[in-house]
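**Student:** Structure below; questions to follow.
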Amino acid sequence: MLGTGLLQGLRVTARNLVGSFHDPKRFVTTQYPEERTKLPEAYRNFPFLVSESAEDPMGTLRCVACQICEKECPPQCIYIEKSRDKKPDANGKMQIFPAVFDIDTSVCMSCQICVEVCPFDAIEMDQVFELATTNRFEGLLLDKHALAKPNSYFHGIHPTEAAAVDGRLAAARKASEEKARAAAAAKAAPKPAPAAPAAAPAAPGAEAPKPSPPAP
Amino acid sequence: MNAVLALIALATVAAAAAAMAGRNLLHCVLMLAVSWAGVAAFFLWAGAEFVAFAQLLIYLGAISMAVLFAVLLTGRSREDLAADRVPARRALYAVLAAAAVGAVLLAAVAATPLAVVPAPVPSVSVRQLGLLLMGPHCAALLAVGVLLTVALIGAVVLAAGERPEKPGPAP
Amino acid sequence: MSVSEIAPLTPSAGPTVRSVRDELHGDLLEVSMGPHHPSTHGVFRMVATLDGETVTRLKPVFGYLHRNHEKIGENTSYLSSMPYTDRLDYLCSMTNNWAYALAVERLSGQAVPERAEYLRVILAELTRLLNHTCLAGFLLQDSGASGTPLMYAFREREKILDLFESLSGSRMMCNFQRFGGCRTDATPAWLGAAASLADGYGRFLDEFEALLTGNEILMARTQGVGRLPAALAVSAGVTGPVLRASGVDYDLRKVDGYGVYPRFAFRVPLGAHGDVYDRYMVRVLEMRESIRILQEALRGIPGGPVMDPKAKIRGFRAKPGEVYSRIEGPKGEIGFYLISEGGPNPYRYRVRPPSLINLTILEDLCLGHTIADTVVILGSIDIVLGEVDR
Amino acid sequence: MSAPAQDSALERAPVLVRDWLTGFLPGQARWAANSLLDIIAILAVFGLLFAFLTLAERKILGRVQNRPGPNRTGWFGLLQPFADGIKMLTKEDIVPRAADPVLHFLAPVALLAFSILTFAVIPYGRDLVPVDLDAAVLYFFAASSGAELAVFMAGWASHNKYSLLASMRALAQLISYELPLLLSFVPVALATGTLSASGIVAAQSGWKWDLVPRWLVFTPWGAVAFAVFMVSALAESNRSPFDLPEAESELIAGHLTEYSGFKYALFFMAEYFGMCALSGMAVTLFLGGWQAPVAALEFIPSYAWFAAKLLALLLGFIWVRATLPRLRVDQLTRLAWKFLVPVALVNLGTAAFWSLSAPWEGPLQLLRWAVALALAAVPALLLGRGLSGDLGPRTYRYA
């Protein structure tokens, strides 16, 4: 009969109206500034540069300015300038470091491609989304000082992923040390052997699952 | 009491004059509605509430709408709405016609002996009005009823007949 | 007289009510709805010529959201185009990703592990639920229900988006599929949450249908409105629920049988009248079928890797050749046509947008209806401007 | 009615206050002061009711949609109406260059004036009738019919094709729903024998079998008339399933497109006043005005009962708005002409039969009820089926 459908609709809205007072399922909004919903661990927004230690972030940056992320970044929002001199990295090997590493967060779409293509796990995704600033240009152009955050912070926001990355790095470091020790041993043992064995071991930091990058 | 009466009369006549002289046709229609409201005020002053409210309901509610629709649907575009200056010759004929009608009216009014003291205002309640309508004046009421029904049916036939059956999905 | 010939609305002091002289019908009123109009789902403009209330001509104008997606696709590497596919139909990023990944996998002959196939089906069906729920909400919003069904739809959509966020890191811009599988694996906790969502969705649909399907006003507003004959649908290349609502049995999940769909028993609902009500009901019934697929897939998902171990991330080069692959997206057949010359980026990168192709029949549906119907008809075709304009 | 209930202090409070304020004035001036007080009281009460009705509407709409509704301004959002008011006052009032300035300004003023006029005759309490006219209800409909003129003025004056289309629709809707509104009132006049509002309320006093109050809504024809009256009231005040003139999804803001600032607020104030007035009249005609539903509850003052019923009806308005989609113009007018008007006309017959068969006794009483219910229900069902034609839930086949 005309109207039964309308009454059914009215019953549904009435149930929701009453339900919103006692049933949490029917009262879903959280009052943002006061209450905050817990971000899932996998949440990603804007990258940051990982540094080994918190005290000297600029000195212990993992990034070696290989500029792969600059080329792979879809919206081209990363700008890197290599440094002329070198500094020792975690394994003690002398590496180039980025003199300038800018990310324009007004262009970046947090797509996380840079994290995937980085062979040195030097860049990871952050979980910061309250970045409102007064000026559009300088305010949103983050330089390497603003981007650098310690590994402990990385463990804070992405525990499982950070553990996996550290595991990989430790394994790689152990492998390169054994190779170095084997090379040194080989060099030391056959004293009389005329020439020194082949050049230094393979570039450290190349992990198994990530094949070494082709010539950039 | 007469001051109020004069005021109402003045307002009504002024509204009617404005309706006649207005350039924008729509303003004229609205001033016409105001003059009808003035007539309703007359009835109120005379104490006939029922007739006053009926007048307000029918004229302000329905007939002004009909006039507005007529003005809208016939008007081709806005230029037609603003009427142009009335040529002198036509104005002269208008004045002559008005004068003739006025003379006849004045003669009739002058001839009838007006009662000096205004007749006591009869207070007729709605119930008595209803009984009167249903009683002695029943025939008149029915005649008006039939007339209105015929008009209504005529309008329906006109409106329905005019539009060819719409092709495509009938609503 | 096409819109381009009509002189622009000159701000003269005279009548700005542009009346198009047409001997047969007297004054025709030309109303432009959009691009900034509350009910056109984004920047889309319809120039409707009205005879009184009924529409005599309707010219869609779009392109306001054109971002040159396909030319950019040619200049960036295969991997870098993946995040851009999220921006095509921004309501269903998972199915866009899958369509693109499937095309590149076919081009480079890559195998996808079993668990990744199941995960892709789960995510695709979740996206279908999300899209059809959103559509029902918007359809009612267009026909005047002041936001209530839309809020219920968005409440359920939030649950699905939370699942996407906890899996891929972002609610709508997931960028989750890779060539040879998925970027990260789904934890058992996530699979449990997805299963409980699928089980609870049936109850939500019952409440939603109680509010809408039997509603006499909705039936009056949608039944018999915007009737799409099957022949016109097929000849116009319309695909998806709009086509099935006209009674044409064409669902790529059954026709192509891509991924692991043949393993799941699900039915394809078909409409009989092809009007707005059928399009709404076909989508609701499709949602019920998607729930069944979801439950089966979540029960049957095997273990193992989610990503083909041999897949190369950096410096991926597809073998020279061309491929066109398609999947049944929530809006219709979304396809990717790639030509590769062996380089790091494709020579030609083309997207088949179901929204745009379904939109071509908008005028045919709207003729003879009133303005209020054009809004409801546009809502029932379910377009997203990101995909229409690319 | 028991005597003590009538002159309990609370019951006579408003009248006592009024007499205390204007007691010292001589005759004519006292009448003027009293009516001035009435005007101030009405504007204050319904002004505040309008303010908090907008808030209640947004809160209830929010709660129905599982969200809290405005709660940022003041405690639980109680200052929201004043915030909206200040916002509306500070907004720039734009008048389109090509618009007709006189009509553009006059439209909201006229609309508000007509809707406020209707408050003069509604009996708010036992003897709280601002103006006790003999043809009160006719005055009410005369005033509310003036609103069409104002809506048309708004539509035409803003010189914009959207508002032109919308004012045409609004006129079609208002005129076609005025008829069922009046027709659904006629049986009430037939049953109570008077047009004066206080007379109608007095006729609905007392209880049958000391349980069911003699409100007209509990008679078969009364229920149908009440339903028709409420549906028409929804349409007359441009509310939910019939809010065509401001159909956002189609014509942006209908005839309000070219209005901004305080004039825009005036339109909404007029709509809400119209809604309150029509609900007030519905309470007076069908729900026994300020009568208490049960004899035991007579001690609660009469104006409290009137307020409770009024708020209940207003809640119904908001509830319907939260649920139902909008009707198209032709469906809307077809509903009025092909369903509401015939049902209201048949209802006249039922009411006549009901009042003629009043003296029937014993088994005849059951027969009377049976015939009345049949007369009320059958045409509604037949016309309903005729109206919804081929509409109906469908079954779908699967490939």
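Residues in the structure tokens are numbered from 1 in each chain, the chains being A, B, ... in the order shown, and ligands are numbered from 1 in the order shown.
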Pick out the residues sitting within 12 Å of Gly304 (chain C), and hand them over as a list in words; count only C-alpha atoms, and ignore anything fewer than 5 positions along from it in its own chain.
**Tutor:**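 That gives Val112, Pro113, Glu114, Arg115, Ala116, Glu117, Tyr118, Leu119, Gly181, Asp185, Ala186 and Pro309 of chain C.
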**Student:** Restricted to C-alpha atoms, what would the selected residues look like written as a PDB file, in the first residue's frame?
**Tutor:**
```pdb
ATOM      1  CA  VAL C 112      52.140 -13.904  -9.945  1.00  0.00           C
ATOM      2  CA  PRO C 113      52.192 -16.065  -6.776  1.00  0.00           C
ATOM      3  CA  GLU C 114      48.894 -17.670  -5.657  1.00  0.00           C
ATOM      4  CA  ARG C 115      48.537 -15.645  -2.465  1.00  0.00           C
ATOM      5  CA  ALA C 116      48.913 -12.384  -4.405  1.00  0.00           C
ATOM      6  CA  GLU C 117      46.109 -13.444  -6.794  1.00  0.00           C
ATOM      7  CA  TYR C 118      43.767 -14.126  -3.865  1.00  0.00           C
ATOM      8  CA  LEU C 119      44.760 -10.851  -2.171  1.00  0.00           C
ATOM      9  CA  GLY C 181      52.340  -9.343  -6.930  1.00  0.00           C
ATOM     10  CA  ASP C 185      51.725  -9.038   2.709  1.00  0.00           C
ATOM     11  CA  ALA C 186      48.386  -9.071   4.524  1.00  0.00           C
ATOM     12  CA  PRO C 309      60.989 -12.993  -5.782  1.00  0.00           C
TER      13      PRO C 309
END
```
**Student:** Taking only C-alpha atoms into account, which residues of chain C are within 9 Å of chain D, as a PyMOL selection string?
**Tutor:** chain C and resi 13-18+29-31+33+37-40+52-53+140-152+155+211+213-221+223-224+249+267-272+278+281-282+285+370-375
**Student:** Could you name the residues that touch Val343 (chain D) at 12 Å or less, counting only C-alpha atoms, but leaving out those on the same chain fewer than 2 positions away, as number ranges by chain?
**Tutor:** D: 179-181, 183-184, 221, 223-229, 335-341, 345-350, 375-384
**Student:** Any chance you could export the current selection's N, CA, C and O atoms as a CSV table (one decimal), in the first residue's frame?
**Tutor:**
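Printed below is part18.csv as written:
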```csv
chain,number,residue,atom,x,y,z
D,179,LEU,N,-5.3,23.9,-1.8
D,179,LEU,CA,-6.6,23.3,-1.9
D,179,LEU,C,-6.8,22.1,-0.8
D,179,LEU,O,-7.7,22.2,0.0
D,180,PRO,N,-5.9,21.1,-0.9
D,180,PRO,CA,-6.1,20.0,0.1
D,180,PRO,C,-6.0,20.6,1.6
D,180,PRO,O,-6.7,20.1,2.5
D,181,LEU,N,-5.2,21.6,1.8
D,181,LEU,CA,-5.1,22.2,3.1
D,181,LEU,C,-6.4,22.7,3.6
D,181,LEU,O,-6.9,22.4,4.7
D,183,LEU,N,-9.4,22.0,2.2
D,183,LEU,CA,-10.4,21.0,2.2
D,183,LEU,C,-10.3,20.1,3.4
D,183,LEU,O,-11.3,19.6,4.0
D,184,SER,N,-9.1,19.9,3.9
D,184,SER,CA,-8.9,19.0,5.1
D,184,SER,C,-9.4,19.8,6.3
D,184,SER,O,-9.7,19.1,7.4
D,221,TRP,N,-12.7,10.0,10.2
D,221,TRP,CA,-12.4,11.1,9.2
D,221,TRP,C,-11.4,12.1,9.7
D,221,TRP,O,-10.6,12.6,9.0
D,223,ALA,N,-8.7,11.3,11.4
D,223,ALA,CA,-7.3,10.8,11.1
D,223,ALA,C,-6.9,11.1,9.7
D,223,ALA,O,-5.8,11.7,9.4
D,224,VAL,N,-7.9,10.9,8.8
D,224,VAL,CA,-7.5,11.1,7.3
D,224,VAL,C,-7.3,12.6,7.1
D,224,VAL,O,-6.3,13.0,6.5
D,225,ALA,N,-8.2,13.4,7.7
D,225,ALA,CA,-8.0,14.9,7.5
D,225,ALA,C,-6.7,15.3,8.1
D,225,ALA,O,-6.0,16.2,7.5
D,226,PHE,N,-6.3,14.8,9.3
D,226,PHE,CA,-5.0,15.2,9.9
D,226,PHE,C,-3.9,14.8,9.0
D,226,PHE,O,-3.0,15.6,8.7
D,227,ALA,N,-3.9,13.6,8.4
D,227,ALA,CA,-2.9,13.2,7.5
D,227,ALA,C,-2.8,14.1,6.3
D,227,ALA,O,-1.7,14.6,6.0
D,228,VAL,N,-3.9,14.4,5.7
D,228,VAL,CA,-3.9,15.3,4.5
D,228,VAL,C,-3.4,16.7,4.9
D,228,VAL,O,-2.6,17.3,4.2
D,229,PHE,N,-3.9,17.1,6.1
D,229,PHE,CA,-3.4,18.5,6.5
D,229,PHE,C,-1.9,18.5,6.7
D,229,PHE,O,-1.2,19.4,6.3
D,335,LEU,N,0.4,14.3,-7.1
D,335,LEU,CA,0.0,13.8,-5.8
D,335,LEU,C,-1.1,14.7,-5.2
D,335,LEU,O,-2.1,14.2,-4.7
D,336,ALA,N,-1.0,16.0,-5.4
D,336,ALA,CA,-2.0,16.9,-4.8
D,336,ALA,C,-3.3,16.7,-5.5
D,336,ALA,O,-4.3,16.5,-4.9
D,337,TRP,N,-3.3,16.8,-6.9
D,337,TRP,CA,-4.6,16.8,-7.6
D,337,TRP,C,-5.3,15.5,-7.6
D,337,TRP,O,-6.5,15.3,-7.6
D,338,LYS,N,-4.4,14.4,-7.8
D,338,LYS,CA,-5.1,13.1,-8.0
D,338,LYS,C,-5.2,12.3,-6.8
D,338,LYS,O,-5.7,11.2,-6.8
D,339,PHE,N,-4.6,12.8,-5.6
D,339,PHE,CA,-4.7,11.9,-4.4
D,339,PHE,C,-5.3,12.7,-3.3
D,339,PHE,O,-6.3,12.4,-2.7
D,340,LEU,N,-4.6,13.8,-2.9
D,340,LEU,CA,-5.0,14.5,-1.7
D,340,LEU,C,-6.4,15.2,-1.9
D,340,LEU,O,-7.2,15.0,-1.0
D,341,VAL,N,-6.6,15.8,-3.0
D,341,VAL,CA,-7.9,16.5,-3.2
D,341,VAL,C,-9.0,15.5,-3.2
D,341,VAL,O,-10.0,15.7,-2.4
D,345,LEU,N,-12.0,15.3,-0.4
D,345,LEU,CA,-13.5,15.5,-0.8
D,345,LEU,C,-14.3,14.3,-0.2
D,345,LEU,O,-15.3,14.5,0.5
D,346,VAL,N,-13.7,13.1,-0.4
D,346,VAL,CA,-14.5,11.9,0.1
D,346,VAL,C,-14.6,12.1,1.6
D,346,VAL,O,-15.6,11.7,2.3
D,347,ASN,N,-13.5,12.6,2.2
D,347,ASN,CA,-13.5,12.8,3.7
D,347,ASN,C,-14.6,13.7,4.1
D,347,ASN,O,-15.2,13.5,5.2
D,348,LEU,N,-15.0,14.6,3.3
D,348,LEU,CA,-16.1,15.5,3.6
D,348,LEU,C,-17.3,14.6,3.9
D,348,LEU,O,-18.1,14.7,4.8
D,349,GLY,N,-17.5,13.7,2.9
D,349,GLY,CA,-18.7,12.8,3.0
D,349,GLY,C,-18.6,12.0,4.3
D,349,GLY,O,-19.6,11.9,5.1
D,350,THR,N,-17.5,11.5,4.6
D,350,THR,CA,-17.3,10.6,5.8
D,350,THR,C,-17.7,11.5,7.0
D,350,THR,O,-18.4,11.0,7.9
D,375,LEU,N,-15.2,4.1,4.6
D,375,LEU,CA,-15.2,5.3,3.8
D,375,LEU,C,-13.9,6.0,3.8
D,375,LEU,O,-13.4,6.6,2.9
D,376,ALA,N,-13.2,5.9,5.0
D,376,ALA,CA,-11.9,6.6,5.1
D,376,ALA,C,-10.8,5.9,4.3
D,376,ALA,O,-10.0,6.5,3.6
D,377,ALA,N,-10.8,4.6,4.5
D,377,ALA,CA,-9.6,3.8,4.0
D,377,ALA,C,-9.7,3.5,2.5
D,377,ALA,O,-8.8,3.6,1.7
D,378,VAL,N,-10.9,3.0,2.1
D,378,VAL,CA,-11.0,2.5,0.7
D,378,VAL,C,-10.6,3.5,-0.4
D,378,VAL,O,-9.7,3.2,-1.2
D,379,PRO,N,-11.1,4.7,-0.4
D,379,PRO,CA,-10.6,5.6,-1.5
D,379,PRO,C,-9.1,5.8,-1.4
D,379,PRO,O,-8.5,5.9,-2.5
D,380,ALA,N,-8.6,5.9,-0.2
D,380,ALA,CA,-7.2,6.2,-0.1
D,380,ALA,C,-6.4,5.0,-0.8
D,380,ALA,O,-5.5,5.3,-1.6
D,381,LEU,N,-6.8,3.8,-0.5
D,381,LEU,CA,-6.1,2.7,-1.1
D,381,LEU,C,-6.3,2.7,-2.6
D,381,LEU,O,-5.3,2.6,-3.3
D,382,LEU,N,-7.5,2.8,-3.1
D,382,LEU,CA,-7.7,2.8,-4.5
D,382,LEU,C,-6.9,3.8,-5.2
D,382,LEU,O,-6.1,3.6,-6.2
D,383,LEU,N,-7.0,5.1,-4.7
D,383,LEU,CA,-6.3,6.2,-5.4
D,383,LEU,C,-4.8,5.9,-5.3
D,383,LEU,O,-4.0,6.2,-6.2
D,384,GLY,N,-4.3,5.4,-4.1
D,384,GLY,CA,-2.9,5.1,-3.9
D,384,GLY,C,-2.4,4.2,-5.0
D,384,GLY,O,-1.4,4.4,-5.7
```
**Student:** Have a look at C:Asp364, C:Glu341, C:Glu207, C:Glu333 and name the one nearest to chain B; count only C-alpha atoms.
**Tutor:** C:Asp364
**Student:** Name the residues in contact with Leu266 (chain D) at a cut-off of 8 Å, using only C-alpha atoms, excluding same-chain residues fewer than 3 positions from it; report them as a list in words.
**Tutor:**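 Selected residues are Pro108, Val109, Leu112, Phe262, Lys263, Met269 and Ala270 of chain D.
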**Student:** Would you mind listing what lies within 7 Å of region 174-177 of chain C as a JSON list (two decimals) with C-alpha atoms, in the first residue's frame, with only C-alpha atoms counted and same-chain residues fewer than 5 positions away left out?
**Tutor:**
```json
[["chain", "number", "residue", "atom", "x", "y", "z"],
["A", 111, "CYS", "CA", 53.56, 7.55, -2.91],
["C", 82, "MET", "CA", 51.63, 3.11, -10.67],
["C", 83, "PRO", "CA", 50.88, 5.91, -8.13],
["C", 86, "ASP", "CA", 45.36, 5.76, -8.10],
["C", 93, "SER", "CA", 42.48, 2.87, -6.62],
["C", 94, "MET", "CA", 43.00, -0.84, -5.94],
["C", 97, "ASN", "CA", 46.41, -0.58, -9.80],
["C", 98, "TRP", "CA", 45.47, -4.17, -10.55],
["C", 101, "ALA", "CA", 49.87, -4.30, -13.03],
["C", 168, "SER", "CA", 48.81, -0.13, 1.94],
["C", 169, "GLY", "CA", 49.54, 2.94, 4.10],
["C", 182, "CYS", "CA", 51.53, -6.98, -4.08],
["C", 183, "ARG", "CA", 53.87, -4.63, -2.28]]
```
**Student:** Find the distance between CA of Ala11 (chain B) and CA of Ile116 (chain D) and write it in Å to one decimal.
**Tutor:** 22.7 Å
**Student:** Which residue out of B:Leu92, B:Ala9, B:Val109, B:Leu129 has the minimum interatomic distance to chain D when only C-alpha atoms are used?
**Tutor:** B:Leu129
**Student:** If you take only C-alpha atoms and a cut-off of 10 Å, which residues of region 151-186 of chain A touch region 45-51 of chain A, and what are their nearest atom pairs and distances in Å to one decimal, in chain and number order, as JSON lines?
**Tutor:**
```
{"residue": "A:Asn151", "atom": "CA", "partner": "A:Val50", "partner_atom": "CA", "distance": 5.8}
{"residue": "A:Ser152", "atom": "CA", "partner": "A:Ser51", "partner_atom": "CA", "distance": 9.1}
{"residue": "A:Tyr153", "atom": "CA", "partner": "A:Val50", "partner_atom": "CA", "distance": 8.8}
{"residue": "A:Phe154", "atom": "CA", "partner": "A:Val50", "partner_atom": "CA", "distance": 7.5}
```
**Student:** Could the residues in this selection be saved with all heavy atoms as a PDB file, in the first residue's frame?
**Tutor:**
```pdb
ATOM      1  N   ASN A 151      67.305   6.746  13.608  1.00  0.00           N
ATOM      2  CA  ASN A 151      66.773   5.399  13.412  1.00  0.00           C
ATOM      3  C   ASN A 151      65.815   5.042  14.542  1.00  0.00           C
ATOM      4  O   ASN A 151      64.798   4.372  14.324  1.00  0.00           O
ATOM      5  CB  ASN A 151      67.960   4.400  13.391  1.00  0.00           C
ATOM      6  CG  ASN A 151      67.546   3.082  12.745  1.00  0.00           C
ATOM      7  OD1 ASN A 151      66.414   2.973  12.276  1.00  0.00           O
ATOM      8  ND2 ASN A 151      68.437   2.119  12.737  1.00  0.00           N
ATOM      9  N   SER A 152      66.067   5.552  15.754  1.00  0.00           N
ATOM     10  CA  SER A 152      65.179   5.227  16.880  1.00  0.00           C
ATOM     11  C   SER A 152      63.772   5.745  16.563  1.00  0.00           C
ATOM     12  O   SER A 152      62.757   5.084  16.803  1.00  0.00           O
ATOM     13  CB  SER A 152      65.713   5.889  18.140  1.00  0.00           C
ATOM     14  OG  SER A 152      65.883   7.280  17.854  1.00  0.00           O
ATOM     15  N   TYR A 153      63.686   6.921  15.949  1.00  0.00           N
ATOM     16  CA  TYR A 153      62.358   7.466  15.592  1.00  0.00           C
ATOM     17  C   TYR A 153      61.674   6.519  14.597  1.00  0.00           C
ATOM     18  O   TYR A 153      60.471   6.222  14.686  1.00  0.00           O
ATOM     19  CB  TYR A 153      62.529   8.855  14.986  1.00  0.00           C
ATOM     20  CG  TYR A 153      61.255   9.454  14.422  1.00  0.00           C
ATOM     21  CD1 TYR A 153      60.307  10.042  15.251  1.00  0.00           C
ATOM     22  CD2 TYR A 153      60.981   9.369  13.047  1.00  0.00           C
ATOM     23  CE1 TYR A 153      59.129  10.555  14.736  1.00  0.00           C
ATOM     24  CE2 TYR A 153      59.809   9.883  12.539  1.00  0.00           C
ATOM     25  CZ  TYR A 153      58.881  10.481  13.374  1.00  0.00           C
ATOM     26  OH  TYR A 153      57.720  10.983  12.862  1.00  0.00           O
ATOM     27  N   PHE A 154      62.530   5.988  13.657  1.00  0.00           N
ATOM     28  CA  PHE A 154      61.987   5.063  12.647  1.00  0.00           C
ATOM     29  C   PHE A 154      61.412   3.839  13.355  1.00  0.00           C
ATOM     30  O   PHE A 154      60.304   3.376  13.047  1.00  0.00           O
ATOM     31  CB  PHE A 154      63.116   4.668  11.688  1.00  0.00           C
ATOM     32  CG  PHE A 154      62.685   3.738  10.576  1.00  0.00           C
ATOM     33  CD1 PHE A 154      61.454   3.890   9.961  1.00  0.00           C
ATOM     34  CD2 PHE A 154      63.515   2.695  10.160  1.00  0.00           C
ATOM     35  CE1 PHE A 154      61.045   3.031   8.948  1.00  0.00           C
ATOM     36  CE2 PHE A 154      63.110   1.839   9.134  1.00  0.00           C
ATOM     37  CZ  PHE A 154      61.873   2.021   8.545  1.00  0.00           C
TER      38      PHE A 154
END
```
**Student:** Mind pulling up the distance from CA of Met20 (chain B) to CA of Ala88 (chain B)?
**Tutor:** 16.3 Å
**Student:** Please identify every residue of chain B that has at least one atom no more than 10 Å from any atom of chain D, counting only C-alpha atoms, and report them as an MDAnalysis selection string.
**Tutor:** chainID B and resid 26:27 30 33 48:62 64:65 68:69 72 124:127 130 171
**Student:** Write the residues you've just listed into a file as a CSV table (one decimal), in the first residue's frame, and include N, CA and C atoms for each of them.
**Tutor:**
```csv
chain,number,residue,atom,x,y,z
B,26,LEU,N,4.6,44.4,-14.0
B,26,LEU,CA,4.6,43.6,-12.8
B,26,LEU,C,4.3,44.5,-11.6
B,27,HIS,N,4.9,45.7,-11.6
B,27,HIS,CA,4.6,46.6,-10.5
B,27,HIS,C,3.1,46.9,-10.4
B,30,LEU,N,1.2,44.2,-8.9
B,30,LEU,CA,1.3,44.1,-7.4
B,30,LEU,C,0.5,45.3,-6.8
B,33,ALA,N,-2.9,44.3,-6.4
B,33,ALA,CA,-3.1,43.4,-5.3
B,33,ALA,C,-3.3,44.3,-4.0
B,48,ALA,N,-17.4,43.3,8.8
B,48,ALA,CA,-17.8,42.0,8.2
B,48,ALA,C,-16.5,41.2,8.1
B,49,GLU,N,-16.1,40.6,9.2
B,49,GLU,CA,-14.8,39.9,9.2
B,49,GLU,C,-14.7,38.8,8.1
B,50,PHE,N,-15.8,38.0,8.1
B,50,PHE,CA,-15.8,36.8,7.2
B,50,PHE,C,-15.5,37.3,5.7
B,51,VAL,N,-16.3,38.3,5.3
B,51,VAL,CA,-16.1,38.7,3.9
B,51,VAL,C,-14.7,39.3,3.7
B,52,ALA,N,-14.2,40.0,4.7
B,52,ALA,CA,-12.9,40.6,4.6
B,52,ALA,C,-11.8,39.5,4.3
B,53,PHE,N,-11.9,38.5,5.2
B,53,PHE,CA,-10.9,37.4,5.1
B,53,PHE,C,-11.1,36.6,3.8
B,54,ALA,N,-12.3,36.4,3.4
B,54,ALA,CA,-12.6,35.7,2.2
B,54,ALA,C,-12.0,36.5,1.0
B,55,GLN,N,-12.2,37.8,1.1
B,55,GLN,CA,-11.7,38.7,0.0
B,55,GLN,C,-10.2,38.6,0.0
B,56,LEU,N,-9.6,38.6,1.2
B,56,LEU,CA,-8.1,38.5,1.2
B,56,LEU,C,-7.7,37.2,0.6
B,57,LEU,N,-8.3,36.1,1.0
B,57,LEU,CA,-7.9,34.8,0.6
B,57,LEU,C,-8.0,34.7,-0.9
B,58,ILE,N,-9.2,35.1,-1.4
B,58,ILE,CA,-9.5,34.8,-2.9
B,58,ILE,C,-8.7,35.8,-3.7
B,59,TYR,N,-8.8,37.1,-3.4
B,59,TYR,CA,-8.1,38.0,-4.3
B,59,TYR,C,-6.6,38.0,-4.2
B,60,LEU,N,-6.1,38.1,-2.9
B,60,LEU,CA,-4.7,38.1,-2.8
B,60,LEU,C,-4.1,36.8,-3.1
B,61,GLY,N,-4.8,35.7,-2.7
B,61,GLY,CA,-4.2,34.4,-2.9
B,61,GLY,C,-4.3,33.9,-4.3
B,62,ALA,N,-5.5,34.0,-4.8
B,62,ALA,CA,-5.7,33.2,-6.1
B,62,ALA,C,-5.7,34.2,-7.3
B,64,SER,N,-4.7,37.2,-7.8
B,64,SER,CA,-3.5,38.0,-8.2
B,64,SER,C,-2.5,37.0,-8.9
B,65,MET,N,-2.5,35.7,-8.4
B,65,MET,CA,-1.7,34.7,-9.0
B,65,MET,C,-2.1,34.5,-10.5
B,68,LEU,N,-0.9,37.3,-12.5
B,68,LEU,CA,0.6,37.3,-12.7
B,68,LEU,C,0.9,36.2,-13.7
B,69,PHE,N,0.3,35.1,-13.6
B,69,PHE,CA,0.6,34.0,-14.6
B,69,PHE,C,0.3,34.5,-16.0
B,72,LEU,N,2.9,36.8,-17.2
B,72,LEU,CA,4.2,36.1,-17.4
B,72,LEU,C,4.1,35.3,-18.7
B,124,VAL,N,-22.8,40.2,12.4
B,124,VAL,CA,-23.3,39.0,11.9
B,124,VAL,C,-22.3,37.9,12.2
B,125,SER,N,-22.6,36.9,13.0
B,125,SER,CA,-21.6,35.9,13.3
B,125,SER,C,-21.5,34.9,12.1
B,126,VAL,N,-20.5,34.2,12.1
B,126,VAL,CA,-20.3,33.3,10.9
B,126,VAL,C,-21.4,32.3,10.9
B,127,ARG,N,-21.9,31.9,12.1
B,127,ARG,CA,-22.9,30.8,12.2
B,127,ARG,C,-24.2,31.4,11.5
B,130,GLY,N,-23.7,31.5,7.8
B,130,GLY,CA,-23.9,30.1,7.2
B,130,GLY,C,-25.4,29.8,7.1
B,171,PRO,N,5.1,10.0,-17.8
B,171,PRO,CA,5.5,10.0,-16.4
B,171,PRO,C,4.6,9.1,-15.6
```
**Student:** Could the residues of chain A within 8 Å of chain C, counting only C-alpha atoms, be given as a list in words, please?
**Tutor:**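 Per the criterion, chain A yields Leu2, Gly3, Thr4, Gly5, Leu6, Gln8, Gly9, Leu10, Val12, Thr13, Val28, Pro40, Glu41, Ala42, Tyr43, Arg44, Glu72, Cys73, Pro74, Cys111, Ile113, Glu116, Val117, Pro213 and Pro214 of chain A.
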**Student:** Could you work out how far CA of Ile327 (chain C) lies from CA of Arg253 (chain C), giving the answer in Å with one decimal?
**Tutor:**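 Straight-line distance from CA of Arg253 (chain C) to CA of Ile327 (chain C) works out to 7.3 Å.
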**Student:** Could you give me, as a PyMOL selection string, the residues within 6 Å of Leu88 (chain C), counting only C-alpha atoms and dropping anything in the same chain fewer than 2 positions from it?
**Tutor:** chain C and resi 85-86+90+386-387
